[in-house]
Amino acid sequence: MSPAARQGMAGRVVQSWWAPRRVVRGLQGMPDRVMLVVLMLAMVFMLLAQAPIHARAAALDPSRPFEARMGGALMAVMFMMPLLAYAVAGLVALFSRATPWRLAPEASRLALFWALLAVAPAMLLRGLVGGFIGEGPALTTTDVVAGFGFFFIWGAGISALARRDR
(Lines give C-alpha, C1' and ligand atoms only; values in the text may rest on other atoms or scores of the structure.)
Protein backbone atom coordinates (compact mmCIF):
# COMPACT_ATOMS: atom_id res chain seq x y z
CA MET A 1 0.00 0.00 0.00
CA SER A 2 1.36 3.42 -0.95
CA PRO A 3 1.96 6.12 1.68
CA ALA A 4 -0.80 8.24 0.09
CA ALA A 5 -3.27 5.36 0.38
CA ARG A 6 -2.39 4.86 4.07
CA GLN A 7 -2.80 8.54 4.86
CA GLY A 8 -6.13 9.38 6.45
CA MET A 9 -8.46 12.23 5.67
CA ALA A 10 -7.08 14.42 8.48
CA GLY A 11 -3.53 13.94 7.23
CA ARG A 12 -4.58 14.96 3.73
CA VAL A 13 -6.30 18.07 5.11
CA VAL A 14 -3.09 19.12 6.85
CA GLN A 15 -0.96 18.27 3.81
CA SER A 16 -3.27 20.38 1.62
CA TRP A 17 -1.81 23.51 3.20
CA TRP A 18 1.65 22.91 1.71
CA ALA A 19 1.11 20.47 -1.21
CA PRO A 20 -2.48 20.95 -2.40
CA ARG A 21 -1.84 19.91 -6.01
CA ARG A 22 -0.44 16.55 -4.94
CA VAL A 23 -3.29 15.93 -2.50
CA VAL A 24 -6.04 16.80 -4.99
CA ARG A 25 -4.36 14.77 -7.73
CA GLY A 26 -4.35 11.83 -5.34
CA LEU A 27 -8.09 12.26 -4.78
CA GLN A 28 -8.91 12.11 -8.51
CA GLY A 29 -11.54 9.57 -9.35
CA MET A 30 -13.42 10.10 -6.09
CA PRO A 31 -17.05 8.99 -6.62
CA ASP A 32 -19.77 11.63 -6.45
CA ARG A 33 -21.26 10.12 -3.30
CA VAL A 34 -17.91 10.52 -1.52
CA MET A 35 -17.57 14.09 -2.81
CA LEU A 36 -20.97 14.83 -1.30
CA VAL A 37 -19.74 13.43 2.03
CA VAL A 38 -16.65 15.68 1.78
CA LEU A 39 -18.88 18.69 1.13
CA MET A 40 -21.27 17.92 3.97
CA LEU A 41 -18.37 17.27 6.37
CA ALA A 42 -16.95 20.67 5.42
CA MET A 43 -20.35 22.24 6.06
CA VAL A 44 -20.56 20.61 9.51
CA PHE A 45 -17.18 22.11 10.40
CA MET A 46 -18.31 25.52 9.09
CA LEU A 47 -21.44 25.29 11.25
CA LEU A 48 -19.44 24.31 14.33
CA ALA A 49 -17.04 27.18 13.68
CA GLN A 50 -19.92 29.65 13.95
CA ALA A 51 -21.12 28.47 17.36
CA PRO A 52 -18.67 30.53 19.49
CA ILE A 53 -19.38 33.66 17.46
CA HIS A 54 -23.15 33.22 17.84
CA ALA A 55 -22.77 32.46 21.56
CA ARG A 56 -20.85 35.71 22.01
CA ALA A 57 -23.38 37.68 19.99
CA ALA A 58 -26.27 36.17 21.98
CA ALA A 59 -24.56 37.08 25.26
CA LEU A 60 -23.99 40.66 24.11
CA ASP A 61 -27.48 41.05 22.62
CA PRO A 62 -30.00 38.67 24.22
CA SER A 63 -32.88 39.90 22.03
CA ARG A 64 -32.05 37.01 19.65
CA PRO A 65 -31.16 33.87 21.61
CA PHE A 66 -28.31 31.54 20.72
CA GLU A 67 -30.70 28.83 19.50
CA ALA A 68 -32.32 31.20 16.99
CA ARG A 69 -28.94 32.31 15.72
CA MET A 70 -27.71 28.74 15.31
CA GLY A 71 -31.01 27.76 13.65
CA GLY A 72 -30.44 30.39 11.01
CA ALA A 73 -26.84 29.31 10.60
CA LEU A 74 -27.96 25.69 10.26
CA MET A 75 -30.35 26.61 7.46
CA ALA A 76 -27.73 28.66 5.65
CA VAL A 77 -24.77 26.32 6.05
CA MET A 78 -26.35 22.89 5.74
CA PHE A 79 -29.02 23.63 3.13
CA MET A 80 -28.12 26.75 1.14
CA MET A 81 -24.31 26.51 1.02
CA PRO A 82 -24.21 23.04 -0.60
CA LEU A 83 -26.52 24.29 -3.36
CA LEU A 84 -24.31 27.32 -3.82
CA ALA A 85 -21.19 25.12 -3.86
CA TYR A 86 -22.64 22.92 -6.62
CA ALA A 87 -23.63 26.03 -8.61
CA VAL A 88 -20.17 27.61 -8.27
CA ALA A 89 -18.44 24.36 -9.25
CA GLY A 90 -20.71 24.07 -12.29
CA LEU A 91 -20.03 27.66 -13.34
CA VAL A 92 -16.28 27.20 -12.99
CA ALA A 93 -16.44 24.08 -15.17
CA LEU A 94 -18.60 25.92 -17.71
CA PHE A 95 -16.35 28.99 -17.82
CA SER A 96 -13.27 26.78 -18.21
CA ARG A 97 -14.55 25.91 -21.68
CA ALA A 98 -13.62 29.45 -22.73
CA THR A 99 -9.98 28.78 -21.79
CA PRO A 100 -7.42 26.31 -23.10
CA TRP A 101 -7.58 24.50 -19.72
CA ARG A 102 -10.71 22.34 -19.57
CA LEU A 103 -12.09 21.36 -16.21
CA ALA A 104 -14.59 18.52 -16.06
CA PRO A 105 -17.60 19.13 -13.80
CA GLU A 106 -16.49 16.30 -11.49
CA ALA A 107 -13.01 17.80 -11.23
CA SER A 108 -14.45 21.23 -10.52
CA ARG A 109 -16.58 19.81 -7.71
CA LEU A 110 -13.63 17.90 -6.27
CA ALA A 111 -11.39 20.98 -6.24
CA LEU A 112 -14.02 23.19 -4.58
CA PHE A 113 -15.34 20.65 -2.08
CA TRP A 114 -11.85 19.62 -1.03
CA ALA A 115 -10.80 23.26 -0.59
CA LEU A 116 -13.80 23.80 1.68
CA LEU A 117 -12.87 20.79 3.81
CA ALA A 118 -9.15 21.61 3.84
CA VAL A 119 -9.80 25.13 5.12
CA ALA A 120 -11.99 23.83 7.97
CA PRO A 121 -9.20 24.01 10.61
CA ALA A 122 -8.67 27.69 9.81
CA MET A 123 -12.41 28.28 9.99
CA LEU A 124 -12.58 26.57 13.38
CA LEU A 125 -9.76 28.82 14.58
CA ARG A 126 -11.63 31.81 13.17
CA GLY A 127 -14.72 30.80 15.14
CA LEU A 128 -12.74 30.52 18.36
CA VAL A 129 -11.04 33.87 17.83
CA GLY A 130 -14.35 35.52 16.96
CA GLY A 131 -16.07 33.95 19.95
CA PHE A 132 -13.43 34.60 22.59
CA ILE A 133 -11.73 37.77 21.38
CA GLY A 134 -14.30 39.35 19.05
CA GLU A 135 -13.72 41.97 16.40
CA GLY A 136 -10.19 43.25 16.00
CA PRO A 137 -6.80 42.53 14.45
CA ALA A 138 -6.75 38.89 15.57
CA LEU A 139 -10.05 38.13 13.83
CA THR A 140 -8.96 40.03 10.73
CA THR A 141 -5.74 38.02 10.63
CA THR A 142 -7.56 34.70 10.91
CA ASP A 143 -10.00 35.84 8.21
CA VAL A 144 -7.09 36.61 5.89
CA VAL A 145 -5.39 33.29 6.62
CA ALA A 146 -8.60 31.32 6.07
CA GLY A 147 -9.45 33.23 2.89
CA PHE A 148 -5.95 32.93 1.47
CA GLY A 149 -5.83 29.24 2.37
CA PHE A 150 -9.17 28.57 0.68
CA PHE A 151 -8.27 30.32 -2.57
CA PHE A 152 -4.76 28.83 -2.59
CA ILE A 153 -6.03 25.27 -2.13
CA TRP A 154 -8.95 25.73 -4.54
CA GLY A 155 -6.74 27.29 -7.21
CA ALA A 156 -4.12 24.59 -6.83
CA GLY A 157 -6.83 21.93 -7.09
CA ILE A 158 -8.21 23.48 -10.26
CA SER A 159 -4.70 23.71 -11.66
CA ALA A 160 -3.96 20.08 -10.82
CA LEU A 161 -7.17 18.77 -12.39
CA ALA A 162 -7.48 20.97 -15.49
CA ARG A 163 -6.59 19.41 -18.82
CA ARG A 164 -4.84 21.43 -21.51
CA ASP A 165 -6.58 21.35 -24.92
CA ARG A 166 -4.30 21.73 -27.90
# chains A, B, ... in the order shown; residues from 1 in each chain; ligands from 1
$ residues_around --residues "segment 69-83 of chain A" --least-positions-apart "6" --cutoff "9 Å" --atoms "only C-alpha atoms" --output "list in words"
Leu36, Leu39, Met40, Met43, Val44, Met46, Leu47, Gln50, Ala51, His54, Ala55, Ala57 and Ala58 of chain A
$ closest_atom_pairs --of "segment 79-114 of chain A" --to "segment 18-30 of chain A" --cutoff "12 Å" --atoms "only C-alpha atoms" --output "JSON lines"
{"residue": "A:Ala104", "atom": "CA", "partner": "A:Gln28", "partner_atom": "CA", "distance": 11.4}
{"residue": "A:Glu106", "atom": "CA", "partner": "A:Gly29", "partner_atom": "CA", "distance": 8.6}
{"residue": "A:Ala107", "atom": "CA", "partner": "A:Gln28", "partner_atom": "CA", "distance": 7.5}
{"residue": "A:Ser108", "atom": "CA", "partner": "A:Gln28", "partner_atom": "CA", "distance": 10.9}
{"residue": "A:Arg109", "atom": "CA", "partner": "A:Met30", "partner_atom": "CA", "distance": 10.3}
{"residue": "A:Leu110", "atom": "CA", "partner": "A:Val24", "partner_atom": "CA", "distance": 7.8}
{"residue": "A:Ala111", "atom": "CA", "partner": "A:Val24", "partner_atom": "CA", "distance": 6.9}
{"residue": "A:Leu112", "atom": "CA", "partner": "A:Val24", "partner_atom": "CA", "distance": 10.2}
{"residue": "A:Phe113", "atom": "CA", "partner": "A:Val24", "partner_atom": "CA", "distance": 10.5}
{"residue": "A:Trp114", "atom": "CA", "partner": "A:Val24", "partner_atom": "CA", "distance": 7.6}
$ write_last_selection --atoms "N, CA, C and O atoms" --output "PDB file, in the first residue's frame"
ATOM      1  N   ALA A 104     -13.369  19.322 -16.071  1.00  0.00           N
ATOM      2  CA  ALA A 104     -14.591  18.521 -16.063  1.00  0.00           C
ATOM      3  C   ALA A 104     -15.434  18.909 -14.849  1.00  0.00           C
ATOM      4  O   ALA A 104     -14.891  19.324 -13.821  1.00  0.00           O
ATOM      5  N   GLU A 106     -16.881  17.091 -12.668  1.00  0.00           N
ATOM      6  CA  GLU A 106     -16.487  16.304 -11.492  1.00  0.00           C
ATOM      7  C   GLU A 106     -15.204  16.860 -10.879  1.00  0.00           C
ATOM      8  O   GLU A 106     -15.074  16.936  -9.652  1.00  0.00           O
ATOM      9  N   ALA A 107     -14.262  17.236 -11.718  1.00  0.00           N
ATOM     10  CA  ALA A 107     -13.007  17.798 -11.232  1.00  0.00           C
ATOM     11  C   ALA A 107     -13.233  19.141 -10.555  1.00  0.00           C
ATOM     12  O   ALA A 107     -12.614  19.453  -9.533  1.00  0.00           O
ATOM     13  N   SER A 108     -14.134  19.935 -11.119  1.00  0.00           N
ATOM     14  CA  SER A 108     -14.454  21.231 -10.517  1.00  0.00           C
ATOM     15  C   SER A 108     -15.070  21.049  -9.135  1.00  0.00           C
ATOM     16  O   SER A 108     -14.719  21.759  -8.183  1.00  0.00           O
ATOM     17  N   ARG A 109     -15.981  20.083  -9.015  1.00  0.00           N
ATOM     18  CA  ARG A 109     -16.581  19.813  -7.705  1.00  0.00           C
ATOM     19  C   ARG A 109     -15.534  19.325  -6.714  1.00  0.00           C
ATOM     20  O   ARG A 109     -15.516  19.763  -5.559  1.00  0.00           O
ATOM     21  N   LEU A 110     -14.662  18.423  -7.158  1.00  0.00           N
ATOM     22  CA  LEU A 110     -13.628  17.899  -6.266  1.00  0.00           C
ATOM     23  C   LEU A 110     -12.730  19.019  -5.755  1.00  0.00           C
ATOM     24  O   LEU A 110     -12.450  19.108  -4.555  1.00  0.00           O
ATOM     25  N   ALA A 111     -12.277  19.887  -6.645  1.00  0.00           N
ATOM     26  CA  ALA A 111     -11.386  20.977  -6.239  1.00  0.00           C
ATOM     27  C   ALA A 111     -12.062  21.897  -5.228  1.00  0.00           C
ATOM     28  O   ALA A 111     -11.460  22.262  -4.208  1.00  0.00           O
ATOM     29  N   LEU A 112     -13.309  22.273  -5.482  1.00  0.00           N
ATOM     30  CA  LEU A 112     -14.018  23.185  -4.582  1.00  0.00           C
ATOM     31  C   LEU A 112     -14.360  22.514  -3.257  1.00  0.00           C
ATOM     32  O   LEU A 112     -14.113  23.076  -2.177  1.00  0.00           O
ATOM     33  N   PHE A 113     -14.919  21.324  -3.309  1.00  0.00           N
ATOM     34  CA  PHE A 113     -15.340  20.649  -2.081  1.00  0.00           C
ATOM     35  C   PHE A 113     -14.143  20.331  -1.203  1.00  0.00           C
ATOM     36  O   PHE A 113     -14.201  20.458   0.014  1.00  0.00           O
ATOM     37  N   TRP A 114     -13.029  19.925  -1.832  1.00  0.00           N
ATOM     38  CA  TRP A 114     -11.847  19.621  -1.034  1.00  0.00           C
ATOM     39  C   TRP A 114     -11.282  20.896  -0.407  1.00  0.00           C
ATOM     40  O   TRP A 114     -10.840  20.888   0.738  1.00  0.00           O
TER      41      TRP A 114
END
$ atom_distance --atom1 "atom CA of Arg126 of chain A" --atom2 "atom CA of Ala146 of chain A"
7.7 Å
$ select_by_dssp --residues "chain A" --states "strand (DSSP E)" --output "list in words"
Trp101, Arg102, Arg163 and Arg164 of chain A
$ residues_around --residues "Phe150 of chain A" --least-positions-apart "3" --cutoff "8 Å" --atoms "only C-alpha atoms" --output "JSON, numbers by chain"
{"A": [115, 116, 118, 119, 146, 147, 153, 154]}
$ atom_distance --atom1 "atom CA of Gly131 of chain A" --atom2 "atom CA of Phe148 of chain A"
21.1 Å
$ closest_residue --among "A:Ala120, A:Val34, A:Val14, A:Ala162" --to "Ala93 of chain A" --atoms "only C-alpha atoms"
A:Ala162
$ atom_distance --atom1 "atom CA of Thr99 of chain A" --atom2 "atom CA of Ala85 of chain A"
21.5 Å
